[in-house]
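A.B. asks: Encoded as structure tokens, here's the structure I'll be asking about.
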Amino acid sequence: MSRSTPARAGTGSRNRTSGREPRPAYECDACGHQPPKWVGRCPECGEWGSVVESTVTGPTVSGRVVSSRMPTEPARPIATISAAPARARPTGVGELDRVLGGGLVPGAVVLLAGEPGVGKSTLLLDVAQQWATGAGSPSLVVSGEESVSQVRLRAERMGTLHEQLFLAAESDLAAVLGHLDAVKPGLLVLDSVQTISTTGTEGVPGGVTQVRAVTAALVAVAKERGIATVLVGHVTKDGQVAGPRVLEHLVDVVLHFEGDKHSSLRMVRGVKNRFGAADEVGCFEMHEGGISSLADPSGLFLTRYSEPVPGTCVTVAMEGRRALLTEVQALIGATVAGSPRRTVSGLDSARLAMVLAVLQRRTERLTLHDREVFAATVGGIRVVEPAADLAVALAVASGGLNLAIAPHLVAIGEVGLTGEVRRVGAVPRRLAEAARLGFRLALVPPGCGPAGAGPEQLRVVEVTDVRSALQAAARASAE
């Protein structure tokens, strides 16, 4: 006698409803949580009797329905949109305008980061004064780190007093917005964003939550009112912008202010720019009266000698899209027992060690394995690109052989482990800068110096390896 097997509970009902009508959805009308089935108490907020059956009628985000609404401004054909509101307005500081792509755009938010004491506040105070003088609208400097009296003393020293330049010392976001309502500036400088806090957000001033909230609010106000805004940011010990990474995504432009405290040279380097090139570099000089632009900074990195001196060679380094002539110096010390020192300043120590090994291996007259070597750049500039390898090799060889290189010679090229000279980028731009400063001979890698490649007053000689470069330099010195 066979016994029929009862159907599993729910199977028939599931089969009858499959493909006919959607499964009902449930949602808590108190918090919006959507449990998979009806429950008497919401598991998210704990409210009793708040879970009701709902019908999904649109796209969802994190389980919540997103409904459409009327946009504040309808979409328009791109040809009918004016680009005039996004035109940059010069700040009056030429080198900063170069990095920004012509100036500050109304409504743009710029983040300027740099180490303490490098001169960020000094530069931006000069920018605020230039804006107040030439832009026709007031500029507002809000300091969260100094009092207005301290800023006034710096302004007196720099000669940046103007009736349209306003100062305030605040650390609360609501007070900053109040100053914007009262002054109605065209430029806002906030020094620094890590010192400003808002009472509606948890966390301490400078924390991730506070910095994110303050920056988002300032970006919204800048876009709404068309205020060009510059935020000063701190950096970590690794040189990165302090705070959340989203800070760099919120702003339109990110600039790094670099410089050695023991040198007068300062550089503003573009990292992100929605309105122009992101690889521009502006050069400045710090002095007792403040800071000034350096339209032609190559003179800082060259030394003029009355007579040729062994151990020096000139190269052309690229800082962004800017060509800068740089002098490389090398001093070969006495023979020592044990491990000799290899000391560098402004150069890459690993590349110097590689160049020394190549010279030791590929040349006959140089003995460097047991001698101390010191190499440095002039003027505080840091050159780490491989294009300076040939100049470093010639400077070391010149110092080791006690033979001076011709002062009108410039060397450009990367040195390989077999002694070959490799091609580098932007050679025409480098040669044009060398010719402009009066250099008459350039040693370049193969393929970079065909007829007509360089300016008329500059003779370009191709060298295939380090040995041929040394020979060419010796002939130029003899001539």
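The way I read the labels, and the way they are meant: chains A, B, ... in the order of the structure tokens, residue 1 as the first residue of every chain, and ligand 1 as the first ligand shown, with later ones counted on from there.
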As a PyMOL selection string, please: all residues of region 44-184 of chain A that backbone DSSP puts in strand (DSSP E).
C.D. replies: chain A and resi 51-54+60-61+64-65+109-114+139-143+165-169
A.B. asks: List the spatial neighbours of Arg322 (chain A) as a list of chain:residue names - criterion: any atom at most 10 Å away, only C-alpha atoms, same-chain residues fewer than 5 positions off excluded.
C.D. replies: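 Here the answer would be A:Asp279, A:Glu280, A:Val281, A:Gly282, A:Val316, A:Ala317, A:Ala426, A:Arg429, A:Arg430, A:Glu433.
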A.B. asks: I'd like a table as CSV: residues in region 224-260 of chain A with an atom no more than 12 Å from region 165-184 of chain A, each row giving the shortest atom pair and its distance in Å to one decimal, only C-alpha atoms counted, sorted by chain and rising residue number.
C.D. replies:
```
residue,atom,partner,partner_atom,distance
A:Arg225,CA,A:Lys184,CA,9.0
A:Gly226,CA,A:Lys184,CA,10.3
A:Ile227,CA,A:Lys184,CA,8.7
A:Ala228,CA,A:Lys184,CA,11.5
A:Thr229,CA,A:Leu180,CA,11.3
```
A.B. asks: What does the file look like for those residues with all heavy atoms, as a PDB file, in the first residue's frame?
C.D. replies:
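result_28.pdb, written as the output of this step:
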```
ATOM      1  N   ARG A 225      27.813  82.374  -4.776  1.00  0.00           N
ATOM      2  CA  ARG A 225      28.015  83.828  -4.809  1.00  0.00           C
ATOM      3  C   ARG A 225      29.103  84.258  -5.788  1.00  0.00           C
ATOM      4  O   ARG A 225      29.320  85.460  -5.951  1.00  0.00           O
ATOM      5  CB  ARG A 225      28.356  84.340  -3.412  1.00  0.00           C
ATOM      6  CG  ARG A 225      27.348  83.943  -2.346  1.00  0.00           C
ATOM      7  CD  ARG A 225      27.680  84.572  -1.015  1.00  0.00           C
ATOM      8  NE  ARG A 225      26.794  84.099   0.045  1.00  0.00           N
ATOM      9  CZ  ARG A 225      26.829  84.549   1.304  1.00  0.00           C
ATOM     10  NH1 ARG A 225      27.704  85.494   1.637  1.00  0.00           N
ATOM     11  NH2 ARG A 225      25.996  84.061   2.214  1.00  0.00           N
ATOM     12  N   GLY A 226      29.804  83.315  -6.414  1.00  0.00           N
ATOM     13  CA  GLY A 226      30.864  83.684  -7.358  1.00  0.00           C
ATOM     14  C   GLY A 226      32.081  84.286  -6.694  1.00  0.00           C
ATOM     15  O   GLY A 226      32.689  85.212  -7.246  1.00  0.00           O
ATOM     16  N   ILE A 227      32.449  83.793  -5.519  1.00  0.00           N
ATOM     17  CA  ILE A 227      33.611  84.309  -4.783  1.00  0.00           C
ATOM     18  C   ILE A 227      34.813  83.423  -5.052  1.00  0.00           C
ATOM     19  O   ILE A 227      34.764  82.212  -4.802  1.00  0.00           O
ATOM     20  CB  ILE A 227      33.318  84.352  -3.275  1.00  0.00           C
ATOM     21  CG1 ILE A 227      32.065  85.170  -2.976  1.00  0.00           C
ATOM     22  CG2 ILE A 227      34.507  84.914  -2.520  1.00  0.00           C
ATOM     23  CD1 ILE A 227      31.649  85.147  -1.516  1.00  0.00           C
ATOM     24  N   ALA A 228      35.876  84.001  -5.560  1.00  0.00           N
ATOM     25  CA  ALA A 228      37.132  83.257  -5.696  1.00  0.00           C
ATOM     26  C   ALA A 228      37.694  83.011  -4.301  1.00  0.00           C
ATOM     27  O   ALA A 228      37.920  83.962  -3.540  1.00  0.00           O
ATOM     28  CB  ALA A 228      38.127  84.036  -6.553  1.00  0.00           C
ATOM     29  N   THR A 229      37.915  81.747  -3.966  1.00  0.00           N
ATOM     30  CA  THR A 229      38.287  81.362  -2.606  1.00  0.00           C
ATOM     31  C   THR A 229      39.611  80.622  -2.614  1.00  0.00           C
ATOM     32  O   THR A 229      39.816  79.713  -3.428  1.00  0.00           O
ATOM     33  CB  THR A 229      37.201  80.471  -1.976  1.00  0.00           C
ATOM     34  OG1 THR A 229      35.945  81.163  -2.032  1.00  0.00           O
ATOM     35  CG2 THR A 229      37.527  80.151  -0.539  1.00  0.00           C
TER      36      THR A 229
END
```
A.B. asks: Rank nothing, just name the residue among A:Lys120, A:Arg351, A:His249, A:Arg342 nearest to Arg266 (chain A), using only C-alpha atoms.
C.D. replies: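 Answer, going by the shortest atom-to-atom distance: A:Lys120.
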A.B. asks: Tell me which protein, DNA and RNA residues are within 9 Å of region 230-238 of chain A, counting only C-alpha atoms, leaving out same-chain ones fewer than 5 positions away, and put them as a PyMOL selection string.
C.D. replies: chain A and resi 108-116+120-121+124+187-194+215+243
A.B. asks: Save the residues we just selected, all heavy atoms, as a short mmCIF file (atom, residue, chain, number, x, y, z; two decimals), in the first residue's frame?
C.D. replies:
```cif
data_model
loop_
_atom_site.label_atom_id
_atom_site.label_comp_id
_atom_site.auth_asym_id
_atom_site.auth_seq_id
_atom_site.Cartn_x
_atom_site.Cartn_y
_atom_site.Cartn_z
N ALA A 108 35.72 79.79 -8.08
CA ALA A 108 36.68 78.69 -7.97
C ALA A 108 37.23 78.62 -6.56
O ALA A 108 37.39 79.64 -5.87
CB ALA A 108 37.82 78.86 -8.97
N VAL A 109 37.55 77.41 -6.12
CA VAL A 109 38.12 77.18 -4.79
C VAL A 109 39.51 76.58 -4.98
O VAL A 109 39.66 75.53 -5.63
CB VAL A 109 37.23 76.24 -3.95
CG1 VAL A 109 37.84 76.03 -2.57
CG2 VAL A 109 35.83 76.82 -3.82
N VAL A 110 40.51 77.26 -4.44
CA VAL A 110 41.91 76.86 -4.59
C VAL A 110 42.42 76.43 -3.23
O VAL A 110 42.20 77.12 -2.22
CB VAL A 110 42.76 78.02 -5.14
CG1 VAL A 110 44.22 77.60 -5.28
CG2 VAL A 110 42.21 78.49 -6.48
N LEU A 111 43.12 75.30 -3.20
CA LEU A 111 43.76 74.80 -1.98
C LEU A 111 45.26 74.95 -2.12
O LEU A 111 45.87 74.37 -3.01
CB LEU A 111 43.40 73.34 -1.74
CG LEU A 111 44.06 72.65 -0.54
CD1 LEU A 111 43.65 73.32 0.76
CD2 LEU A 111 43.72 71.16 -0.52
N LEU A 112 45.86 75.77 -1.27
CA LEU A 112 47.30 76.01 -1.26
C LEU A 112 47.89 75.35 -0.02
O LEU A 112 47.60 75.76 1.10
CB LEU A 112 47.61 77.51 -1.27
CG LEU A 112 49.09 77.89 -1.24
CD1 LEU A 112 49.80 77.45 -2.51
CD2 LEU A 112 49.26 79.39 -1.03
N ALA A 113 48.71 74.33 -0.23
CA ALA A 113 49.30 73.57 0.88
C ALA A 113 50.80 73.77 0.89
O ALA A 113 51.44 73.92 -0.16
CB ALA A 113 48.95 72.08 0.75
N GLY A 114 51.36 73.75 2.08
CA GLY A 114 52.80 73.90 2.21
C GLY A 114 53.24 73.71 3.65
O GLY A 114 52.42 73.74 4.58
N GLU A 115 54.53 73.54 3.84
CA GLU A 115 55.09 73.33 5.17
C GLU A 115 55.01 74.62 5.99
O GLU A 115 54.93 75.72 5.43
CB GLU A 115 56.54 72.86 5.07
CG GLU A 115 56.70 71.49 4.43
CD GLU A 115 58.15 71.03 4.43
OE1 GLU A 115 59.00 71.83 4.86
OE2 GLU A 115 58.40 69.90 4.00
N PRO A 116 55.03 74.51 7.31
CA PRO A 116 55.00 75.72 8.15
C PRO A 116 56.21 76.60 7.90
O PRO A 116 57.34 76.13 7.79
CB PRO A 116 55.00 75.15 9.58
CG PRO A 116 54.52 73.74 9.45
CD PRO A 116 54.98 73.27 8.10
N LYS A 120 53.33 80.84 2.93
CA LYS A 120 51.97 80.79 2.35
C LYS A 120 51.19 82.06 2.69
O LYS A 120 50.57 82.67 1.81
CB LYS A 120 51.23 79.55 2.86
CG LYS A 120 51.92 78.23 2.58
CD LYS A 120 51.07 77.07 3.05
CE LYS A 120 50.88 77.04 4.55
NZ LYS A 120 52.14 76.87 5.30
N SER A 121 51.20 82.45 3.95
CA SER A 121 50.44 83.63 4.37
C SER A 121 51.00 84.89 3.72
O SER A 121 50.24 85.79 3.35
CB SER A 121 50.48 83.75 5.90
OG SER A 121 49.94 82.59 6.52
N LEU A 124 49.80 84.97 0.02
CA LEU A 124 48.37 85.23 -0.15
C LEU A 124 47.99 86.63 0.31
O LEU A 124 47.03 87.21 -0.21
CB LEU A 124 47.57 84.18 0.61
CG LEU A 124 47.69 82.76 0.04
CD1 LEU A 124 46.84 81.80 0.85
CD2 LEU A 124 47.28 82.73 -1.42
N LEU A 187 37.24 88.12 -3.41
CA LEU A 187 38.27 87.12 -3.10
C LEU A 187 38.24 86.86 -1.61
O LEU A 187 38.25 87.79 -0.79
CB LEU A 187 39.66 87.63 -3.51
CG LEU A 187 40.86 86.80 -3.03
CD1 LEU A 187 40.84 85.41 -3.68
CD2 LEU A 187 42.17 87.50 -3.33
N LEU A 188 38.23 85.57 -1.25
CA LEU A 188 38.30 85.14 0.16
C LEU A 188 39.54 84.30 0.34
O LEU A 188 39.76 83.34 -0.39
CB LEU A 188 37.06 84.33 0.54
CG LEU A 188 37.12 83.59 1.89
CD1 LEU A 188 37.21 84.58 3.03
CD2 LEU A 188 35.93 82.66 2.06
N VAL A 189 40.36 84.67 1.32
CA VAL A 189 41.55 83.89 1.70
C VAL A 189 41.31 83.39 3.12
O VAL A 189 41.14 84.19 4.05
CB VAL A 189 42.83 84.74 1.63
CG1 VAL A 189 44.02 83.94 2.15
CG2 VAL A 189 43.08 85.21 0.21
N LEU A 190 41.29 82.07 3.29
CA LEU A 190 41.05 81.44 4.59
C LEU A 190 42.32 80.74 5.04
O LEU A 190 42.76 79.77 4.42
CB LEU A 190 39.89 80.45 4.50
CG LEU A 190 39.39 79.86 5.82
CD1 LEU A 190 38.82 80.96 6.70
CD2 LEU A 190 38.34 78.80 5.57
N ASP A 191 42.89 81.22 6.12
CA ASP A 191 44.19 80.72 6.60
C ASP A 191 44.03 80.25 8.06
O ASP A 191 44.06 81.07 8.98
CB ASP A 191 45.22 81.85 6.52
CG ASP A 191 46.63 81.38 6.84
OD1 ASP A 191 46.82 80.16 6.97
OD2 ASP A 191 47.53 82.24 6.97
N SER A 192 43.85 78.98 8.30
CA SER A 192 43.82 77.89 7.33
C SER A 192 42.52 77.11 7.55
O SER A 192 41.83 77.31 8.55
CB SER A 192 45.01 76.97 7.55
OG SER A 192 44.94 76.38 8.83
N VAL A 193 42.24 76.20 6.63
CA VAL A 193 40.98 75.47 6.71
C VAL A 193 40.97 74.50 7.89
O VAL A 193 39.90 74.15 8.41
CB VAL A 193 40.74 74.73 5.38
CG1 VAL A 193 41.75 73.59 5.20
CG2 VAL A 193 39.33 74.19 5.29
N GLN A 194 42.12 74.10 8.38
CA GLN A 194 42.18 73.18 9.52
C GLN A 194 41.84 73.86 10.84
O GLN A 194 41.63 73.18 11.84
CB GLN A 194 43.56 72.54 9.62
CG GLN A 194 43.75 71.32 8.76
CD GLN A 194 44.14 71.68 7.34
OE1 GLN A 194 44.40 72.83 7.03
NE2 GLN A 194 44.21 70.69 6.46
N THR A 215 34.91 72.55 4.37
CA THR A 215 35.26 72.72 2.97
C THR A 215 34.04 72.61 2.07
O THR A 215 33.87 73.40 1.13
CB THR A 215 36.31 71.68 2.56
OG1 THR A 215 37.45 71.78 3.42
CG2 THR A 215 36.77 71.92 1.13
N GLY A 243 44.51 66.02 6.17
CA GLY A 243 43.07 65.91 6.12
C GLY A 243 42.61 64.80 5.20
O GLY A 243 43.42 64.06 4.64
#
```
A.B. asks: As a PyMOL selection string, please: all residues of region 144-261 of chain A that backbone DSSP puts in helix (DSSP H, G or I).
C.D. replies: chain A and resi 148-158+173-183+193-195+208-225+246-250
A.B. asks: Excluding Val427 (chain A) and its own-chain neighbours fewer than 3 positions away, which residues fall within 10 Å of it when counting only C-alpha atoms? Please give them as a PyMOL selection string.
C.D. replies: chain A and resi 316+318+323+387+412-413+423-424+430-433+444-445+448-449+453-454
